[in-house]
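Enquirer: I'm passing along upload_2.txt; it holds compact mmCIF, C-alpha atoms and all ligand atoms.
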# COMPACT_ATOMS: atom_id res chain seq x y z
CA MET D 1 -24.60 -4.26 63.47
CA LYS D 2 -26.63 -7.17 62.19
CA VAL D 3 -28.76 -4.86 60.13
CA ARG D 4 -25.65 -3.42 58.55
CA VAL D 5 -24.28 -6.82 57.60
CA ILE D 6 -27.58 -7.79 56.07
CA SER D 7 -27.96 -4.57 54.16
CA GLN D 8 -24.39 -4.90 52.92
CA SER D 9 -25.09 -8.43 51.77
CA ILE D 10 -28.12 -7.22 49.91
CA ILE D 11 -26.11 -4.52 48.20
CA VAL D 12 -23.40 -6.99 47.23
CA ALA D 13 -26.01 -9.42 45.94
CA ALA D 14 -27.72 -6.67 43.99
CA LEU D 15 -24.43 -5.55 42.47
CA PHE D 16 -23.67 -9.10 41.56
CA CYS D 17 -27.02 -9.49 39.82
CA LEU D 18 -26.44 -6.26 37.91
CA SER D 19 -22.98 -7.18 36.86
CA ALA D 20 -23.78 -10.81 36.15
CA PRO D 21 -24.77 -10.20 32.51
CA VAL D 22 -21.34 -8.63 31.96
CA PHE D 23 -19.85 -12.05 32.42
CA ALA D 24 -22.41 -13.74 30.23
CA ALA D 25 -20.59 -12.99 26.97
CA PRO D 26 -17.63 -15.32 26.54
CA THR D 27 -14.11 -14.06 27.00
CA TRP D 28 -11.85 -14.20 23.95
CA LYS D 29 -8.10 -14.21 23.70
CA ILE D 30 -6.43 -12.48 20.78
CA ILE D 31 -4.12 -14.64 18.64
CA PRO D 32 -1.35 -12.10 17.95
CA ALA D 33 0.11 -13.97 14.95
CA ASP D 34 -3.21 -13.78 13.09
CA SER D 35 -4.18 -10.28 14.17
CA SER D 36 -2.99 -6.92 13.00
CA LEU D 37 -3.51 -3.24 13.59
CA THR D 38 -2.44 -1.03 10.71
CA PHE D 39 -2.90 2.61 9.86
CA THR D 40 -2.73 4.54 6.62
CA ALA D 41 -1.93 8.23 6.68
CA THR D 42 -1.39 10.55 3.75
CA GLN D 43 1.97 12.27 3.34
CA ASN D 44 2.54 14.53 0.35
CA ASN D 45 -0.63 13.19 -1.28
CA ALA D 46 0.53 9.60 -1.12
CA PRO D 47 -0.40 6.88 1.35
CA ILE D 48 2.00 5.78 4.04
CA THR D 49 1.15 2.71 6.04
CA GLY D 50 2.37 1.50 9.36
CA SER D 51 1.32 -0.83 12.09
CA PHE D 52 1.42 -1.51 15.79
CA LYS D 53 3.02 -4.88 16.30
CA LYS D 54 1.91 -5.30 19.90
CA PHE D 55 -1.56 -4.89 21.31
CA THR D 56 -3.56 -6.80 23.85
CA GLY D 57 -7.26 -7.11 24.32
CA ASN D 58 -9.88 -7.79 26.87
CA ILE D 59 -12.74 -9.05 24.77
CA GLN D 60 -16.09 -10.32 25.91
CA PHE D 61 -18.21 -10.69 22.87
CA ASP D 62 -21.25 -12.64 21.82
CA PRO D 63 -23.26 -11.66 18.76
CA ALA D 64 -26.30 -13.15 20.44
CA ASP D 65 -25.78 -11.03 23.51
CA LEU D 66 -24.51 -7.66 22.37
CA LYS D 67 -25.78 -6.00 25.55
CA SER D 68 -23.21 -7.73 27.68
CA SER D 69 -20.43 -7.55 25.11
CA ARG D 70 -17.49 -5.34 25.81
CA VAL D 71 -14.11 -4.79 24.26
CA GLU D 72 -10.98 -3.09 25.45
CA ILE D 73 -7.89 -2.97 23.25
CA ASP D 74 -4.60 -1.73 24.60
CA VAL D 75 -2.01 -0.71 22.03
CA ASP D 76 1.70 -0.63 22.79
CA ILE D 77 2.73 2.57 21.03
CA ALA D 78 6.43 1.73 21.15
CA SER D 79 5.74 -1.17 18.78
CA VAL D 80 4.93 1.21 15.94
CA THR D 81 6.50 0.54 12.54
CA ALA D 82 6.07 2.60 9.38
CA GLY D 83 7.91 2.78 6.10
CA ASP D 84 11.51 2.71 7.22
CA SER D 85 12.93 3.21 10.70
CA GLN D 86 13.24 7.01 10.18
CA VAL D 87 9.47 7.35 10.02
CA ALA D 88 8.82 5.05 12.98
CA ASP D 89 11.43 6.86 15.08
CA THR D 90 9.84 10.19 14.28
CA LEU D 91 6.42 8.89 15.30
CA LYS D 92 7.77 8.00 18.74
CA THR D 93 9.09 11.51 19.43
CA LYS D 94 7.34 13.97 21.70
CA ASP D 95 5.75 15.88 18.81
CA TRP D 96 3.95 12.72 17.73
CA PHE D 97 2.96 9.89 20.06
CA ASN D 98 5.41 10.95 22.78
CA VAL D 99 5.84 7.33 23.65
CA THR D 100 7.80 7.85 26.86
CA VAL D 101 4.95 9.85 28.40
CA PHE D 102 2.05 8.09 26.68
CA PRO D 103 3.11 4.50 26.07
CA HIS D 104 -0.42 3.21 25.50
CA ALA D 105 -3.47 3.93 23.41
CA VAL D 106 -6.72 2.36 24.51
CA PHE D 107 -9.98 1.70 22.75
CA LYS D 108 -12.98 0.80 24.90
CA ALA D 109 -16.40 -0.12 23.64
CA THR D 110 -19.48 -1.28 25.47
CA ASP D 111 -22.10 -0.34 22.91
CA PHE D 112 -22.51 -2.72 19.96
CA VAL D 113 -25.03 -2.51 17.14
CA LYS D 114 -25.70 -5.04 14.43
CA THR D 115 -25.99 -3.20 11.15
CA GLY D 116 -26.30 -6.06 8.67
CA ASP D 117 -25.37 -9.62 7.94
CA LYS D 118 -22.13 -10.18 9.94
CA LYS D 119 -21.76 -6.38 10.14
CA TYR D 120 -21.46 -4.54 13.41
CA GLU D 121 -20.65 -1.18 14.85
CA ALA D 122 -18.74 -0.73 18.05
CA LYS D 123 -19.31 2.64 19.65
CA GLY D 124 -16.69 3.50 22.16
CA VAL D 125 -13.93 5.84 23.12
CA LEU D 126 -10.36 5.98 21.95
CA THR D 127 -7.63 7.40 24.14
CA ILE D 128 -4.34 8.54 22.61
CA ARG D 129 -1.96 10.92 24.36
CA ALA D 130 -4.42 11.02 27.28
CA LYS D 131 -7.07 12.55 24.99
CA THR D 132 -10.29 10.57 24.93
CA ILE D 133 -12.60 10.91 21.97
CA PRO D 134 -15.74 8.97 20.99
CA MET D 135 -15.09 6.67 18.09
CA VAL D 136 -17.15 4.23 16.05
CA LEU D 137 -15.55 1.13 14.57
CA VAL D 138 -17.31 -0.77 11.84
CA PHE D 139 -16.43 -4.41 11.59
CA ASN D 140 -17.29 -7.62 9.89
CA LEU D 141 -17.55 -10.71 12.01
CA ASP D 142 -16.32 -13.01 9.27
CA ASP D 143 -16.24 -16.04 11.47
CA TYR D 144 -17.80 -16.84 14.82
CA ALA D 145 -17.51 -20.43 15.88
CA ALA D 146 -17.45 -22.15 19.22
CA ASN D 147 -13.74 -21.71 19.69
CA LYS D 148 -12.61 -19.26 17.04
CA ALA D 149 -13.67 -15.81 15.99
CA HIS D 150 -12.36 -13.57 13.24
CA ALA D 151 -13.24 -9.92 12.74
CA THR D 152 -11.98 -7.28 10.32
CA GLY D 153 -12.80 -3.65 10.57
CA SER D 154 -11.75 -0.08 10.25
CA THR D 155 -12.34 3.50 11.22
CA THR D 156 -11.01 6.88 10.24
CA LEU D 157 -9.78 9.29 12.86
CA GLN D 158 -8.37 12.79 12.87
CA ARG D 159 -4.84 12.71 14.22
CA THR D 160 -4.83 16.37 15.31
CA GLN D 161 -7.79 15.78 17.65
CA PHE D 162 -5.45 13.63 19.71
CA GLY D 163 -2.54 16.02 19.34
CA VAL D 164 -0.63 13.51 17.24
CA GLY D 165 1.53 16.02 15.41
CA GLN D 166 2.33 19.01 17.60
CA GLY D 167 3.41 22.51 16.64
CA ASP D 168 4.19 22.77 12.98
CA TRP D 169 3.16 19.15 12.48
CA SER D 170 -0.44 20.02 13.31
CA LYS D 171 -0.64 21.66 9.89
CA THR D 172 -2.28 19.22 7.55
CA ASP D 173 -0.69 20.15 4.19
CA ALA D 174 2.18 17.68 4.19
CA ILE D 175 0.51 15.11 6.41
CA LYS D 176 -3.28 14.97 6.20
CA ASP D 177 -5.46 14.95 9.27
CA ASP D 178 -7.39 11.80 8.38
CA VAL D 179 -5.79 8.54 9.31
CA ARG D 180 -7.45 5.28 8.45
CA VAL D 181 -7.10 2.45 10.92
CA ASP D 182 -7.64 -1.15 9.87
CA PHE D 183 -7.67 -4.14 12.12
CA ILE D 184 -7.89 -7.87 11.88
CA ILE D 185 -8.62 -9.72 15.08
CA SER D 186 -8.39 -13.46 15.39
CA ALA D 187 -9.36 -14.80 18.77
CA THR D 188 -9.87 -18.00 20.60
CA LYS D 189 -11.60 -18.86 23.88
CA MET L 1 10.50 31.28 -34.79
CA ARG L 2 10.16 27.78 -36.25
CA ILE L 3 8.58 24.96 -34.32
CA LYS L 4 11.22 22.47 -35.44
CA ASN L 5 14.97 22.84 -35.31
CA THR L 6 16.83 23.95 -38.43
CA ASN L 7 20.43 23.40 -39.37
CA ASP L 8 21.56 26.55 -37.65
CA ARG L 9 19.16 27.11 -34.78
CA TYR L 10 16.87 25.43 -32.27
CA GLY L 11 13.10 25.62 -32.79
CA ILE L 12 10.53 26.76 -30.26
CA VAL L 13 9.92 23.27 -28.84
CA ALA L 14 13.58 22.55 -28.13
CA VAL L 15 14.10 26.06 -26.71
CA THR L 16 11.09 25.79 -24.41
CA PHE L 17 12.17 22.36 -23.18
CA HIS L 18 15.73 23.58 -22.67
CA TRP L 19 14.98 26.59 -20.52
CA LEU L 20 12.03 25.14 -18.64
CA MET L 21 14.02 22.06 -17.71
CA ALA L 22 17.22 23.98 -16.98
CA LEU L 23 15.20 25.97 -14.44
CA LEU L 24 13.61 22.83 -13.00
CA VAL L 25 16.90 20.97 -12.68
CA ILE L 26 18.79 23.85 -11.08
CA GLY L 27 15.83 24.43 -8.75
CA LEU L 28 15.75 20.74 -7.80
CA LEU L 29 19.46 20.73 -7.07
CA CYS L 30 19.10 23.72 -4.75
CA VAL L 31 15.99 22.37 -3.02
CA GLY L 32 17.59 18.91 -2.74
CA LEU L 33 20.73 20.22 -1.07
CA TYR L 34 18.77 22.58 1.17
CA MET L 35 16.06 20.18 2.30
CA THR L 36 18.49 17.42 3.26
CA SER L 37 20.35 19.88 5.50
CA LEU L 38 17.21 20.64 7.54
CA LYS L 39 16.25 18.96 10.78
CA ILE L 40 13.11 16.84 10.51
CA SER L 41 10.05 19.14 10.43
CA ALA L 42 6.78 19.61 8.61
CA GLN L 43 8.49 22.11 6.32
CA LYS L 44 11.23 19.64 5.47
CA LEU L 45 8.65 17.00 4.61
CA GLN L 46 6.76 19.49 2.45
CA LEU L 47 9.96 20.31 0.55
CA TYR L 48 10.62 16.61 0.05
CA GLY L 49 7.10 16.31 -1.38
CA TRP L 50 7.64 19.13 -3.87
CA HIS L 51 11.12 17.87 -4.70
CA LYS L 52 9.72 14.45 -5.59
CA GLU L 53 6.85 15.85 -7.66
CA PHE L 54 8.98 18.25 -9.68
CA GLY L 55 11.71 15.61 -9.99
CA LEU L 56 9.21 13.21 -11.51
CA LEU L 57 8.04 15.99 -13.80
CA VAL L 58 11.63 16.17 -15.11
CA LEU L 59 11.54 12.44 -15.85
CA PHE L 60 8.25 12.82 -17.67
CA LEU L 61 9.46 15.84 -19.67
CA VAL L 62 12.84 14.38 -20.59
CA ILE L 63 11.15 11.39 -22.21
CA ILE L 64 9.12 13.70 -24.45
CA ARG L 65 12.18 15.86 -25.04
CA LEU L 66 14.26 12.88 -26.17
CA SER L 67 11.50 11.67 -28.46
CA TRP L 68 11.35 15.15 -29.97
CA ARG L 69 15.11 15.13 -30.38
CA PHE L 70 15.02 11.81 -32.21
CA ILE L 71 12.38 12.85 -34.75
CA ASN L 72 14.12 16.15 -35.39
CA ILE L 73 17.40 17.36 -36.83
CA ASN L 74 19.87 19.02 -34.49
CA PRO L 75 21.65 22.22 -35.47
CA THR L 76 25.27 21.49 -36.33
CA LEU L 77 27.89 23.43 -34.46
CA PRO L 78 29.81 25.92 -36.68
CA SER L 79 32.86 24.35 -38.34
CA SER L 80 34.97 27.16 -36.88
CA ILE L 81 34.80 25.14 -33.62
CA PRO L 82 37.52 22.45 -33.44
CA ALA L 83 36.25 18.88 -33.85
CA TRP L 84 37.31 17.84 -30.35
CA GLN L 85 35.30 20.70 -28.87
CA ARG L 86 32.26 19.73 -30.89
CA PHE L 87 32.66 16.19 -29.66
CA ILE L 88 32.90 17.31 -26.05
CA ALA L 89 29.91 19.62 -26.46
CA HIS L 90 27.79 16.70 -27.64
CA ALA L 91 29.13 14.36 -24.99
CA VAL L 92 28.18 16.93 -22.35
CA GLN L 93 24.70 17.36 -23.81
CA TRP L 94 24.13 13.60 -23.80
CA ALA L 95 25.48 13.39 -20.28
CA LEU L 96 22.98 16.06 -19.21
CA LEU L 97 20.14 14.15 -20.83
CA GLY L 98 21.37 10.98 -19.09
CA PHE L 99 21.52 12.79 -15.73
CA MET L 100 17.96 13.96 -16.19
CA ILE L 101 16.93 10.29 -16.30
CA ALA L 102 19.34 8.96 -13.67
CA MET L 103 18.44 11.62 -11.08
CA PRO L 104 14.69 10.98 -10.96
CA ILE L 105 15.09 7.19 -11.14
CA THR L 106 17.53 7.07 -8.22
CA GLY L 107 15.32 9.56 -6.34
CA TRP L 108 12.30 7.36 -6.92
CA LEU L 109 14.36 4.43 -5.60
CA VAL L 110 15.27 6.39 -2.44
CA THR L 111 11.68 7.18 -1.61
CA SER L 112 10.63 3.61 -2.49
CA ALA L 113 13.19 2.14 -0.12
CA ALA L 114 11.86 4.52 2.54
CA GLY L 115 8.40 3.02 2.05
CA LEU L 116 6.99 6.33 0.80
CA ALA L 117 5.23 6.13 -2.54
CA PRO L 118 5.60 9.40 -4.47
CA SER L 119 2.56 11.27 -5.69
CA PHE L 120 2.48 13.06 -9.01
CA PHE L 121 0.99 16.43 -8.01
CA GLY L 122 -1.89 14.69 -6.27
CA LEU L 123 -3.11 13.32 -9.61
CA PHE L 124 -1.98 9.77 -9.03
CA VAL L 125 0.38 7.85 -6.84
CA LEU L 126 3.32 6.05 -8.40
CA PRO L 127 4.23 2.58 -7.21
CA THR L 128 7.23 1.97 -5.01
CA LEU L 129 10.03 0.24 -6.93
CA VAL L 130 11.50 -1.78 -4.05
CA ALA L 131 10.31 -2.95 -0.64
CA PRO L 132 11.17 -0.68 2.33
CA ASP L 133 14.76 -1.31 3.39
CA ASP L 134 16.98 0.93 5.50
CA HIS L 135 20.20 -0.29 3.95
CA LEU L 136 18.97 0.16 0.38
CA ARG L 137 17.67 3.61 1.21
CA HIS L 138 21.19 4.64 2.21
CA VAL L 139 22.70 3.09 -0.91
CA PHE L 140 20.23 4.83 -3.23
CA ALA L 141 20.50 8.13 -1.34
CA ASP L 142 24.29 8.03 -1.79
CA MET L 143 23.88 7.29 -5.49
CA HIS L 144 21.35 10.12 -5.84
CA GLU L 145 23.73 12.46 -4.04
CA TRP L 146 26.86 11.53 -6.03
CA ILE L 147 25.04 11.65 -9.35
CA ALA L 148 23.83 15.11 -8.30
CA TYR L 149 27.44 16.22 -7.76
CA GLY L 150 28.33 14.87 -11.20
CA LEU L 151 25.37 16.75 -12.65
CA ILE L 152 26.46 20.00 -10.98
CA ALA L 153 29.98 19.66 -12.42
CA THR L 154 28.58 18.89 -15.87
CA ILE L 155 26.21 21.87 -15.76
CA CYS L 156 29.16 24.13 -14.82
CA ALA L 157 31.11 22.89 -17.86
CA HIS L 158 28.05 23.28 -20.11
CA VAL L 159 27.14 26.77 -18.92
CA GLY L 160 30.78 27.86 -18.83
CA ALA L 161 31.21 26.80 -22.46
CA ALA L 162 27.97 28.51 -23.52
CA LEU L 163 29.06 31.76 -21.87
CA LYS L 164 32.57 31.50 -23.33
CA HIS L 165 31.11 31.18 -26.82
CA HIS L 166 28.88 34.17 -26.28
CA PHE L 167 31.21 36.59 -24.54
CA ILE L 168 34.68 35.52 -25.64
CA ASP L 169 34.26 33.88 -29.04
CA LYS L 170 31.26 36.12 -29.73
CA ASP L 171 29.64 33.45 -31.93
CA ASP L 172 25.98 32.43 -32.28
CA VAL L 173 26.04 29.29 -30.13
CA LEU L 174 24.04 30.75 -27.23
CA ARG L 175 21.80 32.84 -29.49
CA ARG L 176 20.61 29.69 -31.30
CA MET L 177 19.17 28.45 -28.03
CA LEU L 178 17.49 31.76 -27.17
CA PRO L 179 13.87 32.41 -28.12
C1 LIG D 201 16.27 15.99 -11.96
C2 LIG D 201 15.76 15.53 -10.87
C3 LIG D 201 16.36 15.58 -9.49
C4 LIG D 201 17.44 16.29 -9.01
C5 LIG D 201 18.35 17.25 -9.77
C6 LIG D 201 17.57 15.97 -7.61
C7 LIG D 201 18.55 16.48 -6.76
C8 LIG D 201 18.71 16.14 -5.45
C9 LIG D 201 19.77 16.60 -4.59
C10 LIG D 201 20.87 17.55 -4.99
C11 LIG D 201 19.58 16.05 -3.37
C12 LIG D 201 20.44 16.24 -2.14
C13 LIG D 201 21.39 15.08 -2.03
C14 LIG D 201 22.06 15.02 -0.67
O1 LIG D 201 22.72 16.00 -0.31
O2 LIG D 201 21.89 14.00 -0.01
C15 LIG D 201 18.41 15.23 -3.44
C16 LIG D 201 17.88 14.49 -2.39
C17 LIG D 201 16.75 13.71 -2.49
N1 LIG D 201 15.97 13.52 -3.61
FE1 LIG D 201 16.30 14.28 -5.42
N2 LIG D 201 16.58 15.07 -7.25
C18 LIG D 201 15.82 14.82 -8.38
C19 LIG D 201 14.73 13.99 -8.47
C20 LIG D 201 14.18 13.30 -7.42
C21 LIG D 201 13.01 12.46 -7.51
C22 LIG D 201 12.17 12.22 -8.76
C23 LIG D 201 12.80 11.95 -6.26
C24 LIG D 201 11.73 11.03 -5.76
C25 LIG D 201 10.66 10.65 -6.37
C26 LIG D 201 13.85 12.47 -5.40
C27 LIG D 201 13.97 12.18 -4.06
C28 LIG D 201 14.96 12.65 -3.26
C29 LIG D 201 15.08 12.28 -1.88
C30 LIG D 201 14.15 11.37 -1.11
C31 LIG D 201 16.21 12.94 -1.40
C32 LIG D 201 16.78 12.87 0.01
C33 LIG D 201 17.81 11.82 0.10
C34 LIG D 201 18.34 11.72 1.51
O3 LIG D 201 17.54 11.65 2.42
O4 LIG D 201 19.57 11.71 1.65
N3 LIG D 201 14.67 13.30 -6.14
N4 LIG D 201 17.88 15.30 -4.72
C1 LIG D 202 21.46 28.06 -17.26
C2 LIG D 202 22.43 28.08 -18.07
C3 LIG D 202 22.46 27.33 -19.39
C4 LIG D 202 22.88 27.86 -20.55
C5 LIG D 202 23.40 29.30 -20.78
C6 LIG D 202 22.76 26.84 -21.57
C7 LIG D 202 23.08 27.00 -22.90
C8 LIG D 202 22.91 26.06 -23.89
C9 LIG D 202 23.16 26.25 -25.27
C10 LIG D 202 23.69 27.55 -25.88
C11 LIG D 202 22.88 25.13 -25.92
C12 LIG D 202 22.99 24.88 -27.42
C13 LIG D 202 24.26 24.19 -27.76
C14 LIG D 202 24.32 23.90 -29.23
O1 LIG D 202 24.08 24.83 -29.98
O2 LIG D 202 24.58 22.75 -29.59
C15 LIG D 202 22.42 24.17 -24.95
C16 LIG D 202 22.03 22.88 -25.25
C17 LIG D 202 21.66 21.96 -24.30
N1 LIG D 202 21.54 22.19 -22.91
FE1 LIG D 202 21.92 23.93 -21.97
N2 LIG D 202 22.28 25.68 -20.99
C18 LIG D 202 22.08 25.94 -19.65
C19 LIG D 202 21.64 25.06 -18.71
C20 LIG D 202 21.34 23.73 -18.97
C21 LIG D 202 20.94 22.77 -17.97
C22 LIG D 202 20.80 23.06 -16.48
C23 LIG D 202 20.72 21.59 -18.62
C24 LIG D 202 20.28 20.27 -18.08
C25 LIG D 202 20.47 19.78 -16.95
C26 LIG D 202 21.00 21.80 -20.03
C27 LIG D 202 20.90 20.82 -21.01
C28 LIG D 202 21.14 21.02 -22.34
C29 LIG D 202 20.98 19.99 -23.35
C30 LIG D 202 20.53 18.56 -23.09
C31 LIG D 202 21.29 20.59 -24.58
C32 LIG D 202 21.25 19.91 -25.97
C33 LIG D 202 20.12 20.43 -26.78
C34 LIG D 202 18.82 19.73 -26.49
O3 LIG D 202 18.79 18.50 -26.49
O4 LIG D 202 17.84 20.43 -26.24
N3 LIG D 202 21.36 23.11 -20.20
N4 LIG D 202 22.45 24.74 -23.69
Show how you would write the structure in this file as structure tokens.
Expert:
Amino acid sequence: MKVRVISQSIIVAALFCLSAPVFAAPTWKIIPADSSLTFTATQNNAPITGSFKKFTGNIQFDPADLKSSRVEIDVDIASVTAGDSQVADTLKTKDWFNVTVFPHAVFKATDFVKTGDKKYEAKGVLTIRAKTIPMVLVFNLDDYAANKAHATGSTTLQRTQFGVGQGDWSKTDAIKDDVRVDFIISATK
Amino acid sequence: MRIKNTNDRYGIVAVTFHWLMALLVIGLLCVGLYMTSLKISAQKLQLYGWHKEFGLLVLFLVIIRLSWRFININPTLPSSIPAWQRFIAHAVQWALLGFMIAMPITGWLVTSAAGLAPSFFGLFVLPTLVAPDDHLRHVFADMHEWIAYGLIATICAHVGAALKHHFIDKDDVLRRMLP
């Protein structure tokens, strides 16, 4: 009995030591008013932009401690806007984001690389419509102060890999496969 | 066949413009009416894309056509035709030219208000003329639709008159516009 308690304590202590660095990077809170998540698709050879008005984040990030940095962004799909309401309404239907079944998209990254002055790459996975695909975001850490951080970045994804555009919509003549995603994140501690 | 118009017939440039654009405009009317009747689908969107591109082509061509018309003489209608009919014939022709400007401009406004910039055959993207706005989109779409009905009525009068001259009056009016 005693042995078990001790061994359990050791395991707990060991786990704590392992996970301790995870908490070393400071936790940041997104400032929604100064942050944005937009996308640009191509319809009939012309750009169409839209955005997700609501997203939340769980961000632990420290450029001096990339190893323990981690980011998780949760996007509220129902907050999509694009062009006029017709387009946004279509995007919510089951052929597109199917928002009633898949209300959230999630990006998770634990692997950060510094690629240049203020430039970083976040390697992670993006989940849309319950499909999870590895994704690399490139971003600029424009500002990193004691209490305020500002990052801008982008990536390009292929909508059909996530099944965004079912049936006939998976054809990429009228709406191209590539969708560019741009984000601005302002955060405070 | 002459390049320029003469007093009694149209030249090759005017004839080419006339028939090419007649085909485009009638095609656009059919596609426009058909595509708007479809439920939202990839095919519908594709038709909208083509409709916009060919509609903008009409705008582009009509500007050249009008310039050509201004630096050129126009064949006079035979004096056997009563003055009031000649007047109406010209009024109808000018109305058709006006429609070929009003249709693409209102169409461009519809797509602008929908937040969808139109592409010109993938060569370049035209700017949107107004900010996205649901209400404006409806207003412009109604204008585009009603002007289209006016255009259809005017084309019927124009074609009806041309055919009447050819088959009933048996004069040269239609022949002067044929290659
Ligand atoms: C000579 C040129 C054109 C003709 C004859 C034409 C004709 C038509 C017609 C007949 C309709 C159906 C109207 C209805 O039933 O609601 C239509 C719809 C439409 N056209 Fe055009 N069009 C022309 C040019 C353009 C251009 C240049 C654009 C855009 C750049 C355009 C964009 C549209 C759009 C977006 C609709 C759908 C409106 C809606 O959703 O109700 N059109 N057009
Ligand atoms: C498809 C059947 C059509 C026929 C048989 C036809 C016939 C003609 C004829 C015979 C003329 C010469 C009139 C004259 O001698 O003064 C003419 C002129 C003209 N037509 Fe048509 N037409 C047709 C369709 C259209 C359409 C669809 C449009 C435009 C929407 C159009 C626009 C014009 C214009 C603007 C002129 C004046 C001449 C010019 O500026 O080139 N026509 N048409």
Enquirer: Point out the residue among D:Val99, D:Ile175, D:Ala146, D:Ala105 with the least atom-to-atom distance to chain L, counting only C-alpha atoms.
Expert: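 Closest candidate: D:Ile175.
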Enquirer: Using the file's own x, y and z axes, so that the box edges lie along x, y and z, what centre and edge lengths in Å (one decimal) does a box around every listed atom of segment 159-164 of chain D get when 6 Å is added on each side? Give it as JSON.
Expert:
{"center_x": -4.2, "center_y": 14.5, "center_z": 17.0, "size_x": 19.2, "size_y": 15.7, "size_z": 17.5}
Enquirer: Considering all atoms listed in the file, can you say which of L:Phe99, L:Phe121, L:Trp84, L:Phe70 comes closest to ligand LIG 201 (chain D)?
Expert: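 Comparing L:Phe99, L:Phe121, L:Trp84, L:Phe70 against ligand LIG 201 (chain D), the winner is L:Phe99.
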Enquirer: Extract, using only C-alpha atoms, all DNA, RNA and protein residues at most 7 Å from Asp142 of chain D, discarding same-chain residues fewer than 5 positions from it, and format them as a JSON list (two decimals) with C-alpha atoms, in the frame of the given file.
Expert:
[["chain", "number", "residue", "atom", "x", "y", "z"],
["D", 118, "LYS", "CA", -22.13, -10.18, 9.94],
["D", 150, "HIS", "CA", -12.36, -13.57, 13.24],
["D", 151, "ALA", "CA", -13.24, -9.92, 12.74]]
Enquirer: For chain L versus chain D, which residues have an atom no more than 12 Å away, and what is each residue's nearest atom pair and distance in Å rounded to one decimal, using all atoms listed in the file, chain-then-number order, as CSV?
Expert:
residue,atom,partner,partner_atom,distance
L:Lys39,CA,D:Thr90,CA,11.4
L:Ile40,CA,D:Thr90,CA,8.3
L:Ser41,CA,D:Trp169,CA,7.2
L:Ala42,CA,D:Trp169,CA,5.3
L:Gln43,CA,D:Asp168,CA,8.0
L:Lys44,CA,D:Ala174,CA,9.3
L:Leu45,CA,D:Ala174,CA,6.5
L:Gln46,CA,D:Ala174,CA,5.2
L:Leu47,CA,D:Ala174,CA,9.0
L:Tyr48,CA,D:Asn44,CA,8.3
L:Gly49,CA,D:Asn44,CA,5.2
L:Trp50,CA,D:Asn44,CA,8.1
L:His51,CA,D:Asn44,CA,10.5
L:Lys52,CA,D:Asn44,CA,9.3
L:Glu53,CA,D:Asn44,CA,9.2
L:Val110,CA,D:Asp84,CA,11.0
L:Thr111,CA,D:Gly83,CA,9.6
L:Ser112,CA,D:Gly83,CA,9.0
L:Ala113,CA,D:Asp84,CA,7.6
L:Ala114,CA,D:Asp84,CA,5.0
L:Gly115,CA,D:Gly83,CA,4.1
L:Leu116,CA,D:Ile48,CA,6.0
L:Ala117,CA,D:Ala46,CA,6.0
L:Pro118,CA,D:Ala46,CA,6.1
L:Ser119,CA,D:Ala46,CA,5.3
L:Phe120,CA,D:Asn45,CA,8.3
L:Phe121,CA,D:Asn45,CA,7.6
L:Gly122,CA,D:Asn45,CA,5.4
L:Leu123,CA,D:Asn45,CA,8.7
L:Phe124,CA,D:Ala46,CA,8.3
L:Val125,CA,D:Ala46,CA,6.0
L:Leu126,CA,D:Ala46,CA,8.6
L:Pro127,CA,D:Ala46,CA,10.0
L:Thr128,CA,D:Ala46,CA,10.9
L:Val130,CA,D:Gly83,CA,11.7
L:Ala131,CA,D:Gly83,CA,9.2
L:Pro132,CA,D:Asp84,CA,6.0
L:Asp133,CA,D:Asp84,CA,6.4
L:Asp134,CA,D:Asp84,CA,6.0
L:His135,CA,D:Asp84,CA,9.8
L:Leu136,CA,D:Asp84,CA,10.4
L:Arg137,CA,D:Asp84,CA,8.7
L:His138,CA,D:Asp84,CA,11.1
Enquirer: Give me the residues within 10 Å of segment 23-30 of chain L as an mmCIF file with C-alpha atoms, in the frame of the given file, counting only C-alpha atoms and dropping any in the same chain fewer than 6 places off.
Expert:
data_model
loop_
_atom_site.group_PDB
_atom_site.id
_atom_site.type_symbol
_atom_site.label_atom_id
_atom_site.label_comp_id
_atom_site.auth_asym_id
_atom_site.auth_seq_id
_atom_site.Cartn_x
_atom_site.Cartn_y
_atom_site.Cartn_z
ATOM 1 C CA PHE L 17 12.170 22.360 -23.180
ATOM 2 C CA TRP L 50 7.640 19.130 -3.870
ATOM 3 C CA HIS L 51 11.120 17.870 -4.700
ATOM 4 C CA LYS L 52 9.720 14.450 -5.590
ATOM 5 C CA PHE L 54 8.980 18.250 -9.680
ATOM 6 C CA GLY L 55 11.710 15.610 -9.990
ATOM 7 C CA LEU L 57 8.040 15.990 -13.800
ATOM 8 C CA VAL L 58 11.630 16.170 -15.110
ATOM 9 C CA PHE L 99 21.520 12.790 -15.730
ATOM 10 C CA MET L 100 17.960 13.960 -16.190
ATOM 11 C CA MET L 103 18.440 11.620 -11.080
ATOM 12 C CA GLU L 145 23.730 12.460 -4.040
ATOM 13 C CA ALA L 148 23.830 15.110 -8.300
ATOM 14 C CA TYR L 149 27.440 16.220 -7.760
ATOM 15 C CA LEU L 151 25.370 16.750 -12.650
ATOM 16 C CA ILE L 152 26.460 20.000 -10.980
ATOM 17 C CA ILE L 155 26.210 21.870 -15.760
#
Enquirer: What's the 6 Å shell around Val106 of chain D, counting all atoms listed in the file, without same-chain residues fewer than 3 positions away, as an MDAnalysis selection string?
Expert: chainID D and resid 73:74 126:127
Enquirer: Atoms to include: C-alpha atoms. Write the selected residues as a compact mmCIF listing (two decimals), in the frame of the given file.
Expert:
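Written output follows (again-v3.txt):
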# COMPACT_ATOMS: atom_id res chain seq x y z
CA ILE D 73 -7.89 -2.97 23.25
CA ASP D 74 -4.60 -1.73 24.60
CA LEU D 126 -10.36 5.98 21.95
CA THR D 127 -7.63 7.40 24.14
